[in-house]
$ cat entry_15.cif   # mmCIF, C-alpha atoms
data_start
loop_
_atom_site.label_atom_id
_atom_site.label_comp_id
_atom_site.auth_asym_id
_atom_site.auth_seq_id
_atom_site.Cartn_x
_atom_site.Cartn_y
_atom_site.Cartn_z
CA GLU S 1 -12.13 -67.36 -7.19
CA LYS S 2 -13.21 -69.00 -3.94
CA CYS S 3 -14.24 -65.77 -2.17
CA MET S 4 -16.94 -63.22 -2.95
CA PHE S 5 -18.82 -60.27 -1.54
CA LEU S 6 -22.62 -60.19 -1.65
CA SER S 7 -25.05 -57.35 -1.02
CA THR S 8 -28.63 -57.62 0.18
CA SER S 9 -31.92 -55.83 -0.29
CA VAL S 10 -31.87 -54.78 3.39
CA GLY S 11 -28.58 -52.88 3.18
CA SER S 12 -26.05 -55.40 4.47
CA VAL S 13 -22.87 -56.93 3.01
CA LEU S 14 -21.65 -60.51 3.33
CA HIS S 15 -18.28 -62.08 2.62
CA ILE S 16 -18.34 -65.69 1.45
CA ASP S 17 -15.35 -68.06 1.51
CA LEU S 18 -16.27 -71.33 -0.21
CA ARG S 19 -13.19 -73.07 1.20
CA LEU S 20 -14.64 -72.97 4.72
CA SER S 21 -17.37 -75.15 6.19
CA ASN S 22 -19.04 -72.01 7.52
CA SER S 23 -18.73 -70.10 4.26
CA VAL S 24 -20.05 -66.75 5.61
CA THR S 25 -16.94 -65.14 7.14
CA PHE S 26 -18.78 -61.94 8.07
CA HIS S 27 -22.16 -60.28 7.69
CA GLN S 28 -21.89 -56.51 8.07
CA LYS S 29 -25.28 -54.99 8.76
CA ASP S 30 -26.54 -51.42 8.32
CA VAL S 31 -24.13 -50.53 5.52
CA SER S 32 -27.15 -48.78 3.99
CA GLU S 33 -30.71 -48.05 5.06
CA LYS S 34 -31.92 -49.23 1.65
CA LYS S 35 -31.18 -51.91 -0.92
CA ILE S 36 -27.56 -52.19 -2.10
CA ASN S 37 -27.41 -52.83 -5.84
CA THR S 38 -23.73 -53.72 -6.24
CA VAL S 39 -20.61 -54.20 -4.14
CA HIS S 40 -17.10 -54.24 -5.63
CA LEU S 41 -13.66 -54.73 -4.12
CA HIS S 42 -10.77 -52.51 -5.22
CA PRO S 43 -7.59 -54.31 -6.42
CA ASN S 44 -5.86 -53.16 -3.22
CA GLY S 45 -8.02 -55.69 -1.37
CA GLN S 46 -9.08 -53.12 1.23
CA THR S 47 -11.48 -50.65 -0.39
CA LEU S 48 -15.06 -51.73 -0.99
CA ALA S 49 -17.50 -49.73 -3.10
CA THR S 50 -21.23 -50.03 -2.41
CA CYS S 51 -24.14 -48.25 -4.08
CA GLY S 52 -27.88 -48.53 -4.37
CA LEU S 53 -31.22 -46.96 -3.59
CA ASP S 54 -29.78 -44.50 -1.06
CA ASN S 55 -28.49 -42.39 -4.00
CA THR S 56 -24.88 -42.73 -2.86
CA VAL S 57 -21.66 -44.48 -3.82
CA LYS S 58 -19.87 -45.30 -0.57
CA LEU S 59 -16.26 -46.37 -0.11
CA TRP S 60 -15.38 -48.51 2.89
CA ASP S 61 -12.22 -49.86 4.48
CA VAL S 62 -13.16 -53.51 4.96
CA ARG S 63 -10.51 -53.84 7.68
CA LYS S 64 -12.68 -51.56 9.84
CA PHE S 65 -15.87 -53.53 9.47
CA ASN S 66 -16.99 -54.62 12.91
CA THR S 67 -19.39 -57.54 12.84
CA THR S 68 -19.78 -57.54 16.63
CA LYS S 69 -21.71 -54.29 16.47
CA LYS S 70 -25.05 -53.71 14.83
CA ALA S 71 -23.96 -50.70 12.79
CA ALA S 72 -21.08 -50.53 10.37
CA SER S 73 -18.28 -48.00 10.66
CA LYS S 74 -18.74 -44.93 8.50
CA PRO S 75 -17.49 -44.85 4.89
CA PHE S 76 -14.27 -42.90 4.44
CA ALA S 77 -15.49 -41.34 1.18
CA TYR S 78 -18.76 -41.02 -0.71
CA GLN S 79 -20.29 -39.64 -3.90
CA ALA S 80 -23.83 -38.29 -3.57
CA CYS S 81 -26.19 -38.59 -6.54
CA SER S 82 -29.60 -37.08 -7.17
CA ARG S 83 -31.16 -40.49 -7.90
CA SER S 84 -30.37 -44.14 -7.21
CA VAL S 85 -27.12 -45.70 -8.38
CA THR S 86 -27.38 -48.90 -10.39
CA CYS S 87 -23.73 -49.96 -10.07
CA ALA S 88 -20.22 -48.77 -9.27
CA PHE S 89 -17.20 -50.73 -10.50
CA PHE S 90 -13.45 -50.18 -10.27
CA SER S 91 -11.25 -50.55 -13.34
CA PRO S 92 -8.75 -53.47 -13.28
CA SER S 93 -5.94 -51.24 -11.95
CA GLY S 94 -8.29 -49.45 -9.55
CA GLN S 95 -7.33 -46.05 -10.91
CA LYS S 96 -10.85 -45.33 -12.15
CA MET S 97 -14.38 -46.09 -11.07
CA VAL S 98 -17.52 -45.87 -13.21
CA ALA S 99 -20.97 -45.50 -11.68
CA THR S 100 -24.22 -45.90 -13.62
CA THR S 101 -26.98 -43.72 -12.18
CA MET S 102 -30.70 -43.29 -12.68
CA ALA S 103 -30.00 -39.57 -13.02
CA ASP S 104 -29.06 -40.49 -16.62
CA SER S 105 -25.31 -40.30 -16.19
CA LEU S 106 -22.18 -42.44 -16.30
CA ASP S 107 -19.92 -40.99 -13.61
CA ILE S 108 -16.17 -41.60 -13.91
CA SER S 109 -14.00 -40.96 -10.85
CA THR S 110 -10.21 -41.02 -10.70
CA ASP S 111 -8.42 -42.54 -7.69
CA ALA S 112 -11.65 -42.73 -5.73
CA HIS S 113 -9.96 -44.99 -3.18
CA LEU S 114 -7.65 -42.09 -2.26
CA GLN S 115 -10.50 -39.64 -1.62
CA SER S 116 -11.78 -38.54 1.77
CA GLY S 117 -15.27 -37.30 2.58
CA ALA S 118 -17.54 -36.12 -0.23
CA PHE S 119 -16.09 -36.25 -3.74
CA LYS S 120 -17.38 -35.56 -7.23
CA PRO S 121 -16.73 -37.53 -10.43
CA ALA S 122 -13.97 -36.29 -12.70
CA ASN S 123 -16.17 -36.87 -15.73
CA LYS S 124 -19.96 -37.09 -16.04
CA ILE S 125 -21.32 -38.55 -19.30
CA ARG S 126 -24.96 -37.94 -20.16
CA HIS S 127 -26.60 -41.29 -20.91
CA ASN S 128 -30.22 -42.44 -21.02
CA ASN S 129 -30.45 -45.13 -18.32
CA GLN S 130 -34.25 -45.21 -18.10
CA THR S 131 -35.00 -48.84 -18.92
CA GLY S 132 -38.49 -48.71 -17.45
CA ARG S 133 -40.28 -51.10 -15.18
CA TRP S 134 -39.93 -54.33 -17.15
CA LEU S 135 -36.29 -54.28 -18.25
CA SER S 136 -33.16 -54.92 -16.19
CA THR S 137 -31.17 -51.81 -15.37
CA LEU S 138 -28.09 -50.81 -17.37
CA MET S 139 -24.66 -51.44 -15.84
CA ALA S 140 -21.41 -50.09 -17.29
CA ARG S 141 -18.48 -52.54 -17.04
CA TRP S 142 -14.75 -52.08 -17.65
CA HIS S 143 -12.65 -54.17 -20.02
CA PRO S 144 -11.19 -56.80 -17.65
CA THR S 145 -7.58 -56.73 -18.86
CA SER S 146 -4.89 -54.13 -19.46
CA ASN S 147 -7.08 -52.33 -22.00
CA GLU S 148 -8.88 -50.67 -19.11
CA ASP S 149 -9.60 -47.37 -20.79
CA LEU S 150 -12.64 -49.05 -22.35
CA PHE S 151 -15.99 -49.72 -20.76
CA VAL S 152 -19.19 -51.08 -22.24
CA VAL S 153 -22.85 -50.38 -21.47
CA GLY S 154 -26.22 -51.14 -23.03
CA CYS S 155 -28.41 -48.35 -24.35
CA MET S 156 -31.98 -47.51 -25.30
CA LYS S 157 -31.23 -46.34 -28.85
CA GLN S 158 -32.78 -47.68 -32.02
CA PRO S 159 -31.57 -49.72 -33.84
CA ARG S 160 -30.54 -51.76 -30.80
CA GLN S 161 -26.86 -51.48 -29.97
CA ILE S 162 -24.24 -51.76 -27.25
CA GLU S 163 -22.02 -48.74 -26.64
CA VAL S 164 -18.26 -48.71 -26.07
CA PHE S 165 -16.80 -45.68 -24.29
CA ASP S 166 -13.32 -44.29 -23.80
CA GLY S 167 -13.06 -44.12 -20.03
CA GLN S 168 -10.05 -41.82 -20.15
CA HIS S 169 -11.82 -38.98 -21.95
CA GLY S 170 -15.47 -39.94 -21.53
CA LYS S 171 -16.13 -40.18 -25.27
CA LEU S 172 -18.35 -42.63 -27.12
CA ILE S 173 -16.12 -44.73 -29.38
CA ARG S 174 -18.79 -46.67 -31.22
CA GLY S 175 -22.14 -48.36 -31.03
CA VAL S 176 -21.92 -52.07 -31.79
CA ASN S 177 -24.97 -53.69 -33.37
CA GLY S 178 -25.97 -56.70 -35.42
CA ASP S 179 -28.96 -58.52 -36.83
CA SER S 180 -29.14 -60.76 -33.76
CA LEU S 181 -29.35 -57.81 -31.36
CA THR S 182 -33.09 -57.23 -31.35
CA ALA S 183 -33.71 -56.09 -27.75
CA VAL S 184 -32.10 -53.85 -25.15
CA ALA S 185 -28.93 -55.55 -23.86
CA SER S 186 -29.19 -54.40 -20.25
CA ARG S 187 -26.17 -56.33 -18.96
CA CYS S 188 -22.96 -56.31 -21.01
CA CYS S 189 -19.35 -57.29 -20.57
CA PHE S 190 -16.11 -57.71 -22.54
CA HIS S 191 -14.36 -60.99 -23.23
CA PRO S 192 -10.80 -60.84 -21.79
CA ARG S 193 -9.12 -61.13 -25.21
CA GLU S 194 -7.33 -57.93 -26.25
CA ASP S 195 -6.57 -58.32 -29.96
CA VAL S 196 -10.20 -58.06 -31.09
CA PRO S 197 -12.81 -56.71 -28.63
CA VAL S 198 -15.63 -59.19 -28.09
CA ILE S 199 -18.77 -58.17 -26.21
CA ALA S 200 -21.54 -60.26 -24.66
CA GLY S 201 -24.89 -58.59 -24.03
CA GLY S 202 -27.80 -60.12 -22.14
CA ASN S 203 -31.41 -58.96 -22.26
CA SER S 204 -34.31 -59.33 -19.84
CA SER S 205 -35.68 -62.33 -21.74
CA GLY S 206 -32.56 -64.34 -20.95
CA ARG S 207 -30.98 -64.14 -24.38
CA VAL S 208 -27.23 -63.49 -24.65
CA THR S 209 -25.79 -62.02 -27.86
CA VAL S 210 -22.06 -62.14 -28.59
CA LEU S 211 -20.71 -59.42 -30.87
CA ARG S 212 -17.26 -58.72 -32.27
CA CYS S 213 -16.25 -55.06 -32.57
CA PRO S 214 -15.31 -54.27 -36.18
#
$ encode --input "entry_15.cif" --output "structure tokens"
Amino acid sequence: EKCMFLSTSVGSVLHIDLRLSNSVTFHQKDVSEKKINTVHLHPNGQTLATCGLDNTVKLWDVRKFNTTKKAASKPFAYQACSRSVTCAFFSPSGQKMVATTMADSLDISTDAHLQSGAFKPANKIRHNNQTGRWLSTLMARWHPTSNEDLFVVGCMKQPRQIEVFDGQHGKLIRGVNGDSLTAVASRCCFHPREDVPVIAGGNSSGRVTVLRCP
């Protein structure tokens, strides 16, 4: 809880340790030539996933980052996409990774941290991710506990709803809606409780709606 990775709009990655007086422990430059949208650490503590406007999900071994050189070492694996990638997140166990792309897909990869070179997703779900100029982009997120076969993502459908997917088979389980959900919930996440799924969805106006899955 005291450490975090940050990405920048100029393609670099920082590691922050709030326990230290000089909180920036490293600043790895030239990870990408373009903006990095998200960075996520695998549960093994070694594999870092980056993605962004370079249309690629890249996997790095953070132990090989060399901050004394201008350029970063090369990623050991990567997934090329036809358009930019909004986010790429590992599941709690690290077995799966879901990437939300502007090519209107949710790409699910299995054991991505064990891949080498170019790899393709095991499952590609068609999904309208075109939020337009004025709305925040959609980002699929895994359930944070042992129920990791579930992930949640906002959608552009009417009436407004938040979608829950089965990450194991790539199937839509249900769309969750309510009277209070009146706008596109671009950023969504699960509450950690497992008995009854609870979802929070935030829209571009700053409103957060909390919904309980029936």
$ atom_distance --input "entry_15.cif" --atom1 "CA of Ala200 (chain S)" --atom2 "CA of Phe89 (chain S)"
17.6 Å
$ atom_distance --input "entry_15.cif" --atom1 "CA of Lys171 (chain S)" --atom2 "CA of Val98 (chain S)"
13.4 Å
$ residues_near_point --input "entry_15.cif" --point "(-31.3, -56.4, 1.0)" --cutoff "9 Å" --atoms "only C-alpha atoms" --output "list in words"
Ser7, Thr8, Ser9, Val10, Gly11, Ser12, Val13, Lys34, Lys35, Ile36 and Asn37 of chain S
$ write_last_selection --input "entry_15.cif" --atoms "C-alpha atoms" --output "CSV table (one decimal), keeping the file's coordinate frame"
chain,number,residue,atom,x,y,z
S,7,SER,CA,-25.0,-57.4,-1.0
S,8,THR,CA,-28.6,-57.6,0.2
S,9,SER,CA,-31.9,-55.8,-0.3
S,10,VAL,CA,-31.9,-54.8,3.4
S,11,GLY,CA,-28.6,-52.9,3.2
S,12,SER,CA,-26.0,-55.4,4.5
S,13,VAL,CA,-22.9,-56.9,3.0
S,34,LYS,CA,-31.9,-49.2,1.6
S,35,LYS,CA,-31.2,-51.9,-0.9
S,36,ILE,CA,-27.6,-52.2,-2.1
S,37,ASN,CA,-27.4,-52.8,-5.8
$ resolve_selection --input "entry_15.cif" --expression "the PyMOL selection byres ((chain S and resi 176) around 12)" --output "ChimeraX atom specification"
/S:152-155,157-165,172-175,177-181,185,188,197-201,209-214
$ resolve_selection --input "entry_15.cif" --expression "the PyMOL selection byres ((chain S and resi 77) around 12)" --output "VMD selection string"
chain S and resid 47 to 50 56 to 61 73 to 76 78 to 80 111 to 120
$ atom_distance --input "entry_15.cif" --atom1 "CA of His42 (chain S)" --atom2 "CA of Asp149 (chain S)"
16.4 Å
$ residues_near_point --input "entry_15.cif" --point "(-23.4, -59.6, 4.5)" --cutoff "10 Å" --atoms "only C-alpha atoms" --output "list in words"
Phe5, Leu6, Ser7, Thr8, Val10, Gly11, Ser12, Val13, Leu14, His15, Ile16, Val24, Thr25, Phe26, His27, Gln28, Lys29, Asp30, Val31 and Thr67 of chain S
$ resolve_selection --input "entry_15.cif" --expression "the PyMOL selection byres ((chain S and resi 193) around 12)" --output "PyMOL selection string"
chain S and resi 143-147+189-192+194-199+212-213
$ write_last_selection --input "entry_15.cif" --atoms "C-alpha atoms" --output "PDB file, in the coordinates of the input"
ATOM      1  CA  HIS S 143     -12.650 -54.170 -20.020  1.00  0.00           C
ATOM      2  CA  PRO S 144     -11.190 -56.800 -17.650  1.00  0.00           C
ATOM      3  CA  THR S 145      -7.580 -56.730 -18.860  1.00  0.00           C
ATOM      4  CA  SER S 146      -4.890 -54.130 -19.460  1.00  0.00           C
ATOM      5  CA  ASN S 147      -7.080 -52.330 -22.000  1.00  0.00           C
ATOM      6  CA  CYS S 189     -19.350 -57.290 -20.570  1.00  0.00           C
ATOM      7  CA  PHE S 190     -16.110 -57.710 -22.540  1.00  0.00           C
ATOM      8  CA  HIS S 191     -14.360 -60.990 -23.230  1.00  0.00           C
ATOM      9  CA  PRO S 192     -10.800 -60.840 -21.790  1.00  0.00           C
ATOM     10  CA  GLU S 194      -7.330 -57.930 -26.250  1.00  0.00           C
ATOM     11  CA  ASP S 195      -6.570 -58.320 -29.960  1.00  0.00           C
ATOM     12  CA  VAL S 196     -10.200 -58.060 -31.090  1.00  0.00           C
ATOM     13  CA  PRO S 197     -12.810 -56.710 -28.630  1.00  0.00           C
ATOM     14  CA  VAL S 198     -15.630 -59.190 -28.090  1.00  0.00           C
ATOM     15  CA  ILE S 199     -18.770 -58.170 -26.210  1.00  0.00           C
ATOM     16  CA  ARG S 212     -17.260 -58.720 -32.270  1.00  0.00           C
ATOM     17  CA  CYS S 213     -16.250 -55.060 -32.570  1.00  0.00           C
TER      18      CYS S 213
END
$ closest_residue --input "entry_15.cif" --among "S:Arg187, S:Arg83, S:His169, S:Arg19" --to "Arg141 (chain S)" --atoms "all atoms listed in the file"
S:Arg187
$ closest_residue --input "entry_15.cif" --among "S:Phe151, S:Met4, S:Asn66, S:Gly202" --to "Leu18 (chain S)" --atoms "only C-alpha atoms"
S:Met4
$ closest_residue --input "entry_15.cif" --among "S:Cys51, S:Met139, S:Val184, S:Val62" --to "Val39 (chain S)" --atoms "only C-alpha atoms"
S:Cys51
$ closest_residue --input "entry_15.cif" --among "S:Leu41, S:Ala103, S:Leu138, S:Ala183" --to "Ser91 (chain S)" --atoms "all atoms listed in the file"
S:Leu41
$ closest_residue --input "entry_15.cif" --among "S:Thr38, S:Ser23, S:Thr182, S:Ser136" --to "Ala88 (chain S)" --atoms "all atoms listed in the file"
S:Thr38
$ residues_around --input "entry_15.cif" --residues "Thr86 (chain S)" --least-positions-apart "3" --cutoff "7 Å" --atoms "only C-alpha atoms" --output "PyMOL selection string"
chain S and resi 37+52+100-102+137+139
